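Below is the file final_4.txt, which contains compact mmCIF, C-alpha atoms and all ligand atoms.
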# COMPACT_ATOMS: atom_id res chain seq x y z
CA MET A 1 86.32 109.38 97.40
CA GLU A 2 87.87 106.42 99.25
CA GLU A 3 85.71 105.36 102.21
CA ALA A 4 88.54 104.89 104.75
CA LYS A 5 89.93 108.37 104.03
CA LYS A 6 86.49 109.91 104.40
CA VAL A 7 86.02 108.28 107.80
CA ALA A 8 89.51 109.32 108.98
CA ASP A 9 88.83 112.87 107.75
CA ALA A 10 85.56 113.01 109.70
CA ASP A 11 87.50 113.11 113.00
CA ARG A 12 89.36 116.23 111.89
CA ILE A 13 86.34 118.31 110.95
CA GLU A 14 86.10 121.62 112.80
CA TYR A 15 82.85 123.44 113.46
CA ARG A 16 82.33 127.11 114.17
CA THR A 17 79.68 129.80 113.91
CA TYR A 18 79.47 132.53 111.27
CA ARG A 19 82.21 135.18 111.38
CA ASP A 20 82.31 137.52 108.42
CA GLU A 21 81.65 138.31 104.76
CA ALA A 22 84.13 135.63 103.62
CA ASP A 23 81.92 133.04 105.33
CA LEU A 24 78.90 134.47 103.53
CA GLN A 25 80.48 133.82 100.11
CA THR A 26 81.44 130.30 101.23
CA ILE A 27 77.88 129.57 102.36
CA ILE A 28 76.34 130.94 99.17
CA SER A 29 78.55 128.88 96.90
CA MET A 30 77.80 125.70 98.87
CA ILE A 31 74.04 126.25 99.11
CA GLU A 32 73.72 127.25 95.44
CA LYS A 33 75.34 123.95 94.44
CA GLU A 34 73.40 121.68 96.81
CA LEU A 35 69.87 123.11 97.07
CA SER A 36 67.37 123.38 94.23
CA GLU A 37 65.87 126.64 95.49
CA PRO A 38 67.70 129.85 94.48
CA TYR A 39 67.90 132.47 97.24
CA PRO A 40 68.68 136.16 96.71
CA ILE A 41 71.70 137.53 98.56
CA TYR A 42 69.52 139.53 100.95
CA THR A 43 67.96 136.29 102.23
CA TYR A 44 71.43 135.06 103.20
CA ARG A 45 72.32 138.41 104.74
CA TYR A 46 69.05 138.53 106.69
CA PHE A 47 69.92 135.27 108.46
CA VAL A 48 73.67 135.53 108.99
CA HIS A 49 73.74 139.17 110.05
CA LYS A 50 70.81 138.95 112.49
CA TRP A 51 71.61 135.50 113.89
CA PRO A 52 75.32 134.75 113.33
CA GLN A 53 75.26 132.40 116.33
CA HIS A 54 72.65 130.27 114.51
CA THR A 55 74.80 129.67 111.41
CA PHE A 56 77.38 126.89 111.65
CA LEU A 57 80.09 125.92 109.17
CA ALA A 58 82.12 122.70 109.06
CA PHE A 59 85.71 122.85 107.82
CA LEU A 60 88.22 120.24 106.79
CA ASP A 61 91.76 121.49 106.11
CA GLY A 62 90.40 125.00 105.67
CA LYS A 63 87.75 123.97 103.16
CA CYS A 64 84.06 124.33 104.03
CA ILE A 65 82.29 120.97 103.63
CA GLY A 66 78.98 121.72 105.30
CA CYS A 67 76.81 124.48 106.68
CA ILE A 68 73.50 125.20 108.35
CA VAL A 69 71.69 128.55 108.46
CA SER A 70 69.01 129.10 111.12
CA LYS A 71 67.29 131.72 113.25
CA LEU A 72 65.31 132.06 116.48
CA GLU A 73 62.51 134.57 116.96
CA ASP A 74 59.58 135.35 119.22
CA ASN A 75 56.33 134.34 117.61
CA PHE A 76 53.49 136.42 119.05
CA LYS A 77 49.88 135.33 118.71
CA HIS A 78 47.60 138.34 119.23
CA TYR A 79 44.47 136.32 119.91
CA SER A 80 46.06 134.11 122.56
CA ARG A 81 48.72 136.51 123.93
CA ILE A 82 51.15 133.63 123.87
CA VAL A 83 54.72 134.27 122.87
CA LYS A 84 56.54 131.24 121.54
CA LYS A 85 60.21 131.18 120.74
CA ARG A 86 60.37 129.57 117.35
CA GLY A 87 63.53 128.33 115.72
CA TYR A 88 63.70 128.00 111.96
CA ILE A 89 66.25 126.05 109.92
CA ALA A 90 66.50 127.79 106.56
CA MET A 91 69.32 125.95 104.78
CA LEU A 92 71.47 122.87 105.29
CA ALA A 93 74.02 121.29 102.98
CA VAL A 94 76.90 118.84 103.18
CA HIS A 95 79.48 118.44 100.40
CA PRO A 96 78.65 115.28 98.38
CA ASP A 97 82.08 113.72 99.15
CA TYR A 98 81.38 113.90 102.90
CA ARG A 99 77.82 112.65 103.16
CA ARG A 100 76.68 109.78 105.41
CA LEU A 101 79.43 110.51 107.92
CA GLY A 102 77.16 112.17 110.47
CA LEU A 103 78.05 115.70 109.40
CA GLY A 104 74.47 116.73 108.64
CA ARG A 105 73.34 115.31 111.99
CA LYS A 106 76.08 117.24 113.81
CA LEU A 107 75.16 120.53 112.12
CA VAL A 108 71.47 120.06 112.93
CA LYS A 109 72.34 119.20 116.54
CA LYS A 110 74.48 122.32 116.90
CA SER A 111 71.67 124.45 115.52
CA ILE A 112 69.03 122.92 117.82
CA ASP A 113 71.34 123.06 120.87
CA GLN A 114 71.88 126.79 120.29
CA MET A 115 68.12 127.31 119.98
CA LYS A 116 67.54 125.34 123.20
CA ALA A 117 70.21 127.39 124.99
CA GLU A 118 68.25 130.52 124.03
CA GLY A 119 64.94 129.04 125.24
CA ALA A 120 63.32 127.82 122.02
CA ASP A 121 59.87 126.23 122.32
CA GLU A 122 59.84 124.70 118.87
CA VAL A 123 61.78 124.43 115.63
CA MET A 124 60.37 124.35 112.14
CA LEU A 125 61.57 124.01 108.58
CA GLU A 126 60.41 123.02 105.14
CA THR A 127 61.84 120.33 102.91
CA GLU A 128 60.94 118.88 99.54
CA ILE A 129 58.66 115.85 99.91
CA THR A 130 61.06 113.89 97.68
CA ASN A 131 64.10 114.63 99.88
CA VAL A 132 64.38 111.27 101.64
CA ALA A 133 67.81 112.07 103.15
CA ALA A 134 66.57 115.28 104.79
CA LEU A 135 63.29 113.74 105.96
CA ARG A 136 65.09 110.80 107.60
CA LEU A 137 67.68 113.08 109.15
CA TYR A 138 65.13 115.48 110.66
CA GLU A 139 62.70 112.75 111.71
CA SER A 140 65.54 111.08 113.64
CA PHE A 141 65.58 114.25 115.83
CA GLY A 142 61.84 113.94 116.49
CA PHE A 143 60.59 116.36 113.83
CA VAL A 144 57.05 115.51 112.73
CA ARG A 145 55.30 116.27 109.43
CA ASP A 146 52.96 119.17 110.09
CA LYS A 147 51.57 120.25 106.71
CA ARG A 148 52.10 119.56 103.04
CA GLN A 149 52.48 122.76 101.04
CA ALA A 150 51.61 122.43 97.36
CA GLN A 151 54.15 123.70 94.81
CA TYR A 152 56.13 125.44 97.52
CA TYR A 153 59.38 125.43 95.56
CA LEU A 154 60.21 127.16 92.29
CA ASN A 155 60.88 123.75 90.72
CA GLY A 156 57.20 122.93 91.31
CA ASN A 157 57.80 120.43 94.11
CA ASP A 158 55.63 120.25 97.22
CA ALA A 159 57.12 120.78 100.67
CA TYR A 160 56.55 119.19 104.03
CA LYS A 161 56.58 121.61 106.91
CA LEU A 162 58.36 119.80 109.74
CA LYS A 163 58.09 120.71 113.41
CA LEU A 164 60.03 119.75 116.49
CA PHE A 165 58.39 120.52 119.84
CA LEU A 166 60.92 121.29 122.55
CA THR A 167 58.57 122.38 125.34
CA SER A 168 55.28 120.70 126.18
CA SER A 169 53.69 123.54 128.16
CA ILE A 170 52.49 125.46 125.11
CA VAL A 171 49.62 124.20 122.97
CA ASP A 172 50.39 124.48 119.27
CA GLU A 173 47.83 126.65 117.52
CA ASP A 174 49.04 126.94 113.94
C1 LIG B 201 70.50 116.06 103.72
C2 LIG B 201 72.02 116.14 103.97
C3 LIG B 201 72.34 117.48 104.61
C4 LIG B 201 72.41 115.01 104.93
O1 LIG B 201 73.77 115.20 105.28
P1 LIG B 201 74.71 113.97 105.76
O2 LIG B 201 75.91 114.54 106.38
O3 LIG B 201 74.90 113.03 104.64
O4 LIG B 201 73.78 113.29 106.86
P2 LIG B 201 74.25 112.33 108.04
O5 LIG B 201 75.43 111.54 107.64
O6 LIG B 201 74.36 113.12 109.28
O7 LIG B 201 72.99 111.36 108.13
C5 LIG B 201 72.11 111.37 109.22
C6 LIG B 201 70.91 110.49 108.89
O8 LIG B 201 70.14 111.06 107.82
C7 LIG B 201 69.61 110.00 107.00
N1 LIG B 201 70.20 110.09 105.67
C8 LIG B 201 71.22 110.88 105.27
N2 LIG B 201 71.45 110.71 103.95
C9 LIG B 201 70.56 109.80 103.52
C10 LIG B 201 70.29 109.22 102.27
N3 LIG B 201 71.00 109.53 101.18
N4 LIG B 201 69.27 108.32 102.17
C11 LIG B 201 68.56 107.99 103.25
N5 LIG B 201 68.76 108.51 104.49
C12 LIG B 201 69.76 109.39 104.62
C13 LIG B 201 69.99 108.71 107.67
O9 LIG B 201 68.96 108.38 108.58
C14 LIG B 201 71.27 109.11 108.39
O10 LIG B 201 71.58 108.27 109.47
P3 LIG B 201 72.47 106.94 109.21
O11 LIG B 201 73.64 107.35 108.37
O12 LIG B 201 72.83 106.53 110.60
O13 LIG B 201 71.55 106.00 108.50
C15 LIG B 201 72.82 115.96 102.65
O14 LIG B 201 72.36 114.80 101.98
C16 LIG B 201 72.73 117.15 101.69
O15 LIG B 201 73.50 118.10 101.79
N6 LIG B 201 71.77 117.07 100.75
C17 LIG B 201 71.60 118.16 99.77
C18 LIG B 201 71.04 119.41 100.40
C19 LIG B 201 69.76 119.13 101.15
O16 LIG B 201 68.90 118.35 100.73
N7 LIG B 201 69.59 119.80 102.29
C20 LIG B 201 68.43 119.68 103.15
C21 LIG B 201 67.42 120.66 102.71
S1 LIG B 201 66.08 120.70 103.87
Before we go any further, please render this structure as structure tokens.
Ligand SMILES: CC(C)(COP(=O)(O)OP(=O)(O)OC[C@H]1O[C@@H](n2cnc3c(N)ncnc32)[C@H](O)[C@@H]1OP(=O)(O)O)[C@@H](O)C(=O)NCCC(=O)NCCS
Amino acid sequence: MEEAKKVADADRIEYRTYRDEADLQTIISMIEKELSEPYPIYTYRYFVHKWPQHTFLAFLDGKCIGCIVSKLEDNFKHYSRIVKKRGYIAMLAVHPDYRRLGLGRKLVKKSIDQMKAEGADEVMLETEITNVAALRLYESFGFVRDKRQAQYYLNGNDAYKLKLFLTSSIVDED
């Protein structure tokens, strides 16, 4: 796609949170195309039904060109009695024609801002160790590489677990 048109289009992109079943189908068709890992429908439903405010979609002229699916939960450690609010980014994809326009960054920011607004202490996610685009994107937000998980994905690739610490008062114990 022509570069100038892409840049002009970027100003017209609209973002909103998850609404209904039509959005679910849109998200599934985008994620299935852009991510190597296949997810069953109940994984999608688990996220979007429990945390609709943590799923964001980006639209251009009515067409979805990006989405992020996340959640925020209390994480209770029995031995320490500490409750941490942990955000988790499960899926992120931007349509190939609209990459490198800041869309991925905007979706991640919206997700993290929502988590912060609900008091998140930290955010985590996994990404393939070969996914340079995702690693650069997340590391630009301050995510750090926590662990390498061998053969985490069905395609046999290893994952990095990435973490972003939002509050400093709680010692990380994982
Ligand atoms: C990863 C992905 C979401 C990035 O979306 P995007 O809209 O192109 O990202 P942005 O334009 O917001 O880029 C933000 C930063 O990420 C990094 N980045 C993005 N794409 C990159 C690439 N192809 N190579 C290197 N760095 C890249 C850069 O640091 C970039 O900042 P810059 O453009 O100022 O240099 C997109 O490439 C995608 O959908 N990939 C397939 C699905 C996927 O891998 N999802 C993540 C799973 S964890």
*Please extract the residues at most 9 Å from ligand LIG 201 (chain B), counting all atoms listed in the file, and provide them as a ChimeraX atom specification, using the chain letters and residue numbers of this document.*
/A:31,33-36,66-68,89-96,98-108,125-128,131-140
*Could you state the separation of CA of Tyr153 (chain A) and CA of Glu21 (chain A) in Å, given to one decimal place?*
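CA of Glu21 (chain A) lies at a distance of 27.3 Å from CA of Tyr153 (chain A).
Across the model, the gap from CA of Lys85 (chain A) to CA of Tyr18 (chain A) is 21.5 Å.
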*Anything within 12 Å of (72.4, 124.1, 118.3): list those residues as an MDAnalysis selection string, counting all atoms listed in the file and sticking to the file's coordinates.*
chainID A and resid 15:17 53:56 68:72 87:89 105:120 123
*May I ask for the distance between CA of Tyr46 (chain A) and CA of Phe165 (chain A), given in Å to one decimal place?*
24.7 Å
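Closest approach to Leu57 (chain A) from the set A:Ala4, A:Ile41, A:Ile28, A:Ala159 is made by A:Ile28, with distances taken over only C-alpha atoms.
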*Take the point (54.5, 121.5, 98.1) in the file's coordinates, draw a sphere of radius 12 Å around it, and report as a list in words every protein, DNA or RNA residue with an atom inside or on it, counting only C-alpha atoms.*
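Checked against the point, the hits come out as Glu126, Thr127, Glu128, Ile129, Thr130, Asn131, Lys147, Arg148, Gln149, Ala150, Gln151, Tyr152, Tyr153, Leu154, Asn155, Gly156, Asn157, Asp158, Ala159, Tyr160 and Lys161 of chain A.
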*Nearest to Thr167 (chain A) among A:Arg86, A:Lys6, A:Lys63, A:Arg145, with distances taken over only C-alpha atoms: which residue is it?*
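Of A:Arg86, A:Lys6, A:Lys63, A:Arg145, the one nearest Thr167 (chain A) is A:Arg86, counting only C-alpha atoms.
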*asked:* Which residue is closest to Phe47 (chain A)? Choose from A:Met30, A:Glu73, A:Phe143, A:Leu60 and count all atoms listed in the file.
replied: A:Glu73
*Residue nearest Asp20 (chain A) - candidates A:Val48, A:Lys84, A:Thr43, A:Pro38, atoms counted: only C-alpha atoms*: A:Val48
*Taking all atoms listed in the file into account, which of A:Ala8, A:Phe141, A:Ser29, A:Glu122 comes nearest Tyr44 (chain A)?*
A:Ser29
N, CA and C atoms for region 67-96 of chain A, written as a PDB file, keeping the file's coordinate frame, could you do that?
ATOM      1  N   CYS A  67      77.286 123.303 105.949  1.00  0.00           N
ATOM      2  CA  CYS A  67      76.810 124.480 106.680  1.00  0.00           C
ATOM      3  C   CYS A  67      75.319 124.383 106.967  1.00  0.00           C
ATOM      4  N   ILE A  68      74.922 125.109 108.007  1.00  0.00           N
ATOM      5  CA  ILE A  68      73.500 125.200 108.350  1.00  0.00           C
ATOM      6  C   ILE A  68      73.214 126.652 108.710  1.00  0.00           C
ATOM      7  N   VAL A  69      72.084 127.154 108.235  1.00  0.00           N
ATOM      8  CA  VAL A  69      71.690 128.550 108.460  1.00  0.00           C
ATOM      9  C   VAL A  69      70.323 128.536 109.144  1.00  0.00           C
ATOM     10  N   SER A  70      70.242 129.155 110.329  1.00  0.00           N
ATOM     11  CA  SER A  70      69.010 129.100 111.120  1.00  0.00           C
ATOM     12  C   SER A  70      68.751 130.445 111.795  1.00  0.00           C
ATOM     13  N   LYS A  71      67.595 130.525 112.449  1.00  0.00           N
ATOM     14  CA  LYS A  71      67.290 131.720 113.250  1.00  0.00           C
ATOM     15  C   LYS A  71      66.402 131.332 114.414  1.00  0.00           C
ATOM     16  N   LEU A  72      66.214 132.271 115.340  1.00  0.00           N
ATOM     17  CA  LEU A  72      65.310 132.060 116.480  1.00  0.00           C
ATOM     18  C   LEU A  72      64.614 133.384 116.764  1.00  0.00           C
ATOM     19  N   GLU A  73      63.275 133.336 116.778  1.00  0.00           N
ATOM     20  CA  GLU A  73      62.510 134.570 116.960  1.00  0.00           C
ATOM     21  C   GLU A  73      61.331 134.337 117.884  1.00  0.00           C
ATOM     22  N   ASP A  74      60.837 135.428 118.495  1.00  0.00           N
ATOM     23  CA  ASP A  74      59.580 135.350 119.220  1.00  0.00           C
ATOM     24  C   ASP A  74      58.452 135.309 118.213  1.00  0.00           C
ATOM     25  N   ASN A  75      57.481 134.444 118.486  1.00  0.00           N
ATOM     26  CA  ASN A  75      56.330 134.340 117.610  1.00  0.00           C
ATOM     27  C   ASN A  75      55.105 134.699 118.437  1.00  0.00           C
ATOM     28  N   PHE A  76      54.554 135.897 118.187  1.00  0.00           N
ATOM     29  CA  PHE A  76      53.490 136.420 119.050  1.00  0.00           C
ATOM     30  C   PHE A  76      52.121 136.190 118.421  1.00  0.00           C
ATOM     31  N   LYS A  77      51.252 135.560 119.195  1.00  0.00           N
ATOM     32  CA  LYS A  77      49.880 135.330 118.710  1.00  0.00           C
ATOM     33  C   LYS A  77      48.954 136.332 119.395  1.00  0.00           C
ATOM     34  N   HIS A  78      48.420 137.288 118.636  1.00  0.00           N
ATOM     35  CA  HIS A  78      47.600 138.340 119.230  1.00  0.00           C
ATOM     36  C   HIS A  78      46.377 137.798 119.945  1.00  0.00           C
ATOM     37  N   TYR A  79      45.733 136.796 119.323  1.00  0.00           N
ATOM     38  CA  TYR A  79      44.470 136.320 119.910  1.00  0.00           C
ATOM     39  C   TYR A  79      44.686 135.527 121.194  1.00  0.00           C
ATOM     40  N   SER A  80      45.859 134.926 121.360  1.00  0.00           N
ATOM     41  CA  SER A  80      46.060 134.110 122.560  1.00  0.00           C
ATOM     42  C   SER A  80      47.022 134.763 123.551  1.00  0.00           C
ATOM     43  N   ARG A  81      47.718 135.824 123.109  1.00  0.00           N
ATOM     44  CA  ARG A  81      48.720 136.510 123.930  1.00  0.00           C
ATOM     45  C   ARG A  81      49.873 135.580 124.331  1.00  0.00           C
ATOM     46  N   ILE A  82      50.055 134.535 123.566  1.00  0.00           N
ATOM     47  CA  ILE A  82      51.150 133.630 123.870  1.00  0.00           C
ATOM     48  C   ILE A  82      52.357 133.996 123.008  1.00  0.00           C
ATOM     49  N   VAL A  83      53.499 134.043 123.637  1.00  0.00           N
ATOM     50  CA  VAL A  83      54.720 134.270 122.870  1.00  0.00           C
ATOM     51  C   VAL A  83      55.504 132.953 122.854  1.00  0.00           C
ATOM     52  N   LYS A  84      55.733 132.457 121.665  1.00  0.00           N
ATOM     53  CA  LYS A  84      56.540 131.240 121.540  1.00  0.00           C
ATOM     54  C   LYS A  84      57.879 131.629 120.943  1.00  0.00           C
ATOM     55  N   LYS A  85      58.916 130.989 121.391  1.00  0.00           N
ATOM     56  CA  LYS A  85      60.210 131.180 120.740  1.00  0.00           C
ATOM     57  C   LYS A  85      60.341 130.092 119.684  1.00  0.00           C
ATOM     58  N   ARG A  86      60.358 130.533 118.447  1.00  0.00           N
ATOM     59  CA  ARG A  86      60.370 129.570 117.350  1.00  0.00           C
ATOM     60  C   ARG A  86      61.683 129.604 116.576  1.00  0.00           C
ATOM     61  N   GLY A  87      62.336 128.466 116.525  1.00  0.00           N
ATOM     62  CA  GLY A  87      63.530 128.330 115.720  1.00  0.00           C
ATOM     63  C   GLY A  87      63.141 127.961 114.300  1.00  0.00           C
ATOM     64  N   TYR A  88      63.979 128.324 113.364  1.00  0.00           N
ATOM     65  CA  TYR A  88      63.700 128.000 111.960  1.00  0.00           C
ATOM     66  C   TYR A  88      65.014 127.635 111.278  1.00  0.00           C
ATOM     67  N   ILE A  89      65.045 126.466 110.680  1.00  0.00           N
ATOM     68  CA  ILE A  89      66.250 126.050 109.920  1.00  0.00           C
ATOM     69  C   ILE A  89      65.977 126.370 108.453  1.00  0.00           C
ATOM     70  N   ALA A  90      66.755 127.292 107.918  1.00  0.00           N
ATOM     71  CA  ALA A  90      66.500 127.790 106.560  1.00  0.00           C
ATOM     72  C   ALA A  90      67.240 126.987 105.498  1.00  0.00           C
ATOM     73  N   MET A  91      68.480 126.619 105.782  1.00  0.00           N
ATOM     74  CA  MET A  91      69.320 125.950 104.780  1.00  0.00           C
ATOM     75  C   MET A  91      70.280 124.989 105.462  1.00  0.00           C
ATOM     76  N   LEU A  92      70.513 123.872 104.792  1.00  0.00           N
ATOM     77  CA  LEU A  92      71.470 122.870 105.290  1.00  0.00           C
ATOM     78  C   LEU A  92      72.074 122.180 104.085  1.00  0.00           C
ATOM     79  N   ALA A  93      73.382 122.046 104.067  1.00  0.00           N
ATOM     80  CA  ALA A  93      74.020 121.290 102.980  1.00  0.00           C
ATOM     81  C   ALA A  93      75.342 120.701 103.447  1.00  0.00           C
ATOM     82  N   VAL A  94      75.622 119.516 102.930  1.00  0.00           N
ATOM     83  CA  VAL A  94      76.900 118.840 103.180  1.00  0.00           C
ATOM     84  C   VAL A  94      77.501 118.508 101.808  1.00  0.00           C
ATOM     85  N   HIS A  95      78.796 118.743 101.671  1.00  0.00           N
ATOM     86  CA  HIS A  95      79.480 118.440 100.400  1.00  0.00           C
ATOM     87  C   HIS A  95      79.255 116.964 100.042  1.00  0.00           C
ATOM     88  N   PRO A  96      78.942 116.667  98.774  1.00  0.00           N
ATOM     89  CA  PRO A  96      78.650 115.280  98.380  1.00  0.00           C
ATOM     90  C   PRO A  96      79.728 114.265  98.771  1.00  0.00           C
TER      91      PRO A  96
END
